[in-house]
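K.L.:
So that we are looking at the same thing, I have put the structure below in structure tokens.
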Amino acid sequence: MSSPDALMRVDLLTREFPPDVYGGAGVHAGALAAHLRDVVDLRVHHFGGGANQSPAHAHSVPADLAAANPSLQALSVNASMAHQVAGAEVVHSHTWYANFAGRLAQQLHGIPHVVTAHSLEPLRPWKAEQLGGGYEISCYMEREALRRADRIIAVSRAMARDITEAYPEIDSSRIVVVPNGVDSAQYTPDHGTDALEAHGIGTDRPLVVCVARISHQKGLPYLLEAARHFVPGSRLVVVAQSADSPADRDAFAAAIDGLQRSGIDARWVGGVFPKRSLVQLLSHARAFVCPSIYEPLGIVNLEAMACGTPVVATAVGGIPEVVLDGETGYLVPIPAEHDSIGTPEEPLVLAKELAVRVNALLEDTGSADRMGRAARQRAVSHFSWSHVARQVAEVYRSVIR
């Protein structure tokens, strides 16, 4: 244990870390680390083949596993991480990609292990197609880590419930809810247009915006179907820079092309899109849409809200803990019955319900502005990263007392 005058040493384990970020877990890891450095002696271990940049250490997949299943590659990186964290007082892992490193460190070095649960493998069965037999390995890595973790941080109350349902053997007293945060100084209304114009995105029409990975989980097909019912004269802009697979990316490209050939103003930003451009896009949006079928919390919703934009989102996971229906946006329920990979029971109904809420904002600028102001206020007052970091540091202290 640290002396009273020393900061405790914490080693944070993650697949994604800036600048290599493609999803919410990477945003979370980068922002949390930036604020934790004020309260703990933090070392970061992440996946990557680039040069190490202190205090972040990149762990590479061995050359002889370059063509291996991603789960085996993750296992090899986890072993490297577990070796390197010797001397830490707490290890803190994020996502199944790095969870097993925390479990190995717990066994090898006797270090307390804290896990942040951003999602759960049993609730993402479509990944079996993506990972093949590796899905069983990813499930094992997550399950073993969660079962043995000293504390589990759930990013929402809904995630905490999901953990106990997916893993009923876990004592709920080991679960602590600490939500994701947002940098409301970085994500703040910017009504300039220069950064958007550089990407050929005009603001001459009301904008409907979505930011997501191209993944079954994110529900983009329902958004594209909804766009067929948007108020004429509006413009859909989807920022989707990463995909679960090349096939998913190709299918999305074909769907966007189909919308455009139907005369619908739909734009896809699939390449480099600087943060300033994103902030301007969110600030100009009349509505931000999150059509996910599984979402433990959804940092993108917080980012849009911080930019003063109302959110139309599916009422799944932790989203209702962020978006207040009728106050900071609108929620769209999804019928409880899904198929084996989480497809909504009535996809066309979901798409039309999304469109109804989006159109309400497109047609009533007064309500959209009012909800946007309320969204910004909620993001600033309830979801600051500095507050999140203090709560996480308290979790660390609880496992070494």
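We label chains A, B, ... in the order they appear in the structure tokens, count residues from 1 in each chain, and number ligands from 1 in the order shown.
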Extract the full set of strand (DSSP E) residues from region 153-230 of chain A according to DSSP on the backbone, and format it as a list in words.
P.N.:
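Strand (DSSP E) members of region 153-230 of chain A, listed: Ile153, Ala154, Ile175, Val176, Val177, Leu207, Val208, Val209, Cys210 and Val211 of chain A.
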K.L.:
Contacts of Ser234 (chain A) at 6 Å or less, counting only C-alpha atoms, minus same-chain residues fewer than 2 places along, as a PyMOL selection string?
P.N.:
chain A and resi 205-206+232
K.L.:
Residues of region 10-34 of chain A that have any atom at most 8 Å from an atom of region 86-104 of chain A: could you tabulate them with the shortest-distance atom pair and the distance in Å to one decimal, using only C-alpha atoms, ordered by chain and increasing number, as JSON lines?
P.N.:
```
{"residue": "A:Val10", "atom": "CA", "partner": "A:Val90", "partner_atom": "CA", "distance": 4.9}
{"residue": "A:Asp11", "atom": "CA", "partner": "A:Val91", "partner_atom": "CA", "distance": 4.8}
{"residue": "A:Leu12", "atom": "CA", "partner": "A:His92", "partner_atom": "CA", "distance": 4.8}
{"residue": "A:Leu13", "atom": "CA", "partner": "A:Ser93", "partner_atom": "CA", "distance": 4.5}
{"residue": "A:Thr14", "atom": "CA", "partner": "A:His94", "partner_atom": "CA", "distance": 5.1}
{"residue": "A:Arg15", "atom": "CA", "partner": "A:Tyr97", "partner_atom": "CA", "distance": 6.0}
{"residue": "A:Ala25", "atom": "CA", "partner": "A:His94", "partner_atom": "CA", "distance": 7.3}
{"residue": "A:Ala29", "atom": "CA", "partner": "A:His94", "partner_atom": "CA", "distance": 7.7}
```
K.L.:
Restricting the calculation to only C-alpha atoms: of A:Asp265, A:Asp38, A:Glu327, A:Glu353, which residue gets closest to Gly202 (chain A)?
P.N.:
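Among A:Asp265, A:Asp38, A:Glu327, A:Glu353, it is A:Asp265 that comes nearest to Gly202 (chain A).
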K.L.:
Could you state the separation of CA of Gly372 (chain A) and CA of Ala304 (chain A) in Å, given to one decimal place?
P.N.:
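Interatomic distance, CA of Gly372 (chain A) to CA of Ala304 (chain A): 9.1 Å.
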K.L.:
For the atom pair CA of Ile201 (chain A) and CA of Ala368 (chain A), what is the interatomic distance in Å to one decimal place?
P.N.:
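These two atoms are separated by 21.0 Å.
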K.L.:
Pick out the residues sitting within 10 Å of region 269-280 of chain A, and hand them over as a VMD selection string; count only C-alpha atoms, and ignore anything fewer than 6 positions along from it in its own chain.
P.N.:
chain A and resid 186 to 199 201 211 213 to 214 237 to 243 249 253 303 to 304 306 to 307
K.L.:
Quick one: residues within 12 Å of Arg376 (chain A), only C-alpha atoms, excluding same-chain residues fewer than 4 positions away - as a PyMOL selection string?
P.N.:
chain A and resi 182-185+187-189+282-283+301-311+322-323+327-329+369-372+380-384
K.L.:
Taking 5 positions as the minimum chain separation for residues in the same chain, which residues sit within 10 Å of Leu224 (chain A) when counting only C-alpha atoms? Answer as number ranges by chain.
P.N.:
A: 219, 229, 236, 238, 252, 255-256, 258-259, 266, 291, 351, 355
K.L.:
Within 10 Å of Asp162 (chain A), counting only C-alpha atoms, which residues show up once you throw out same-chain ones fewer than 5 positions away? Write them as a list in words, please.
P.N.:
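The filter keeps Ser119, Leu120, Pro122, Leu123, Ala154, Ser156, Arg157, Tyr167, Pro168, Pro296 and Gly317 of chain A.
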K.L.:
Could you list, as an MDAnalysis selection string, every residue within 9 Å of Arg390 (chain A), counting only C-alpha atoms and ignoring same-chain residues fewer than 3 positions away?
P.N.:
chainID A and resid 35:36 39 385:387 393:395
K.L.:
Report, in Å with one decimal, the straight-line distance from CA of Ala375 (chain A) to CA of Asn359 (chain A).
P.N.:
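Interatomic distance here is 18.2 Å.
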K.L.:
Pick the closest to Asp248 (chain A) from A:Glu129, A:Glu345, A:Ala67, A:Leu223: which is it, counting only C-alpha atoms?
P.N.:
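Closest candidate: A:Glu129.
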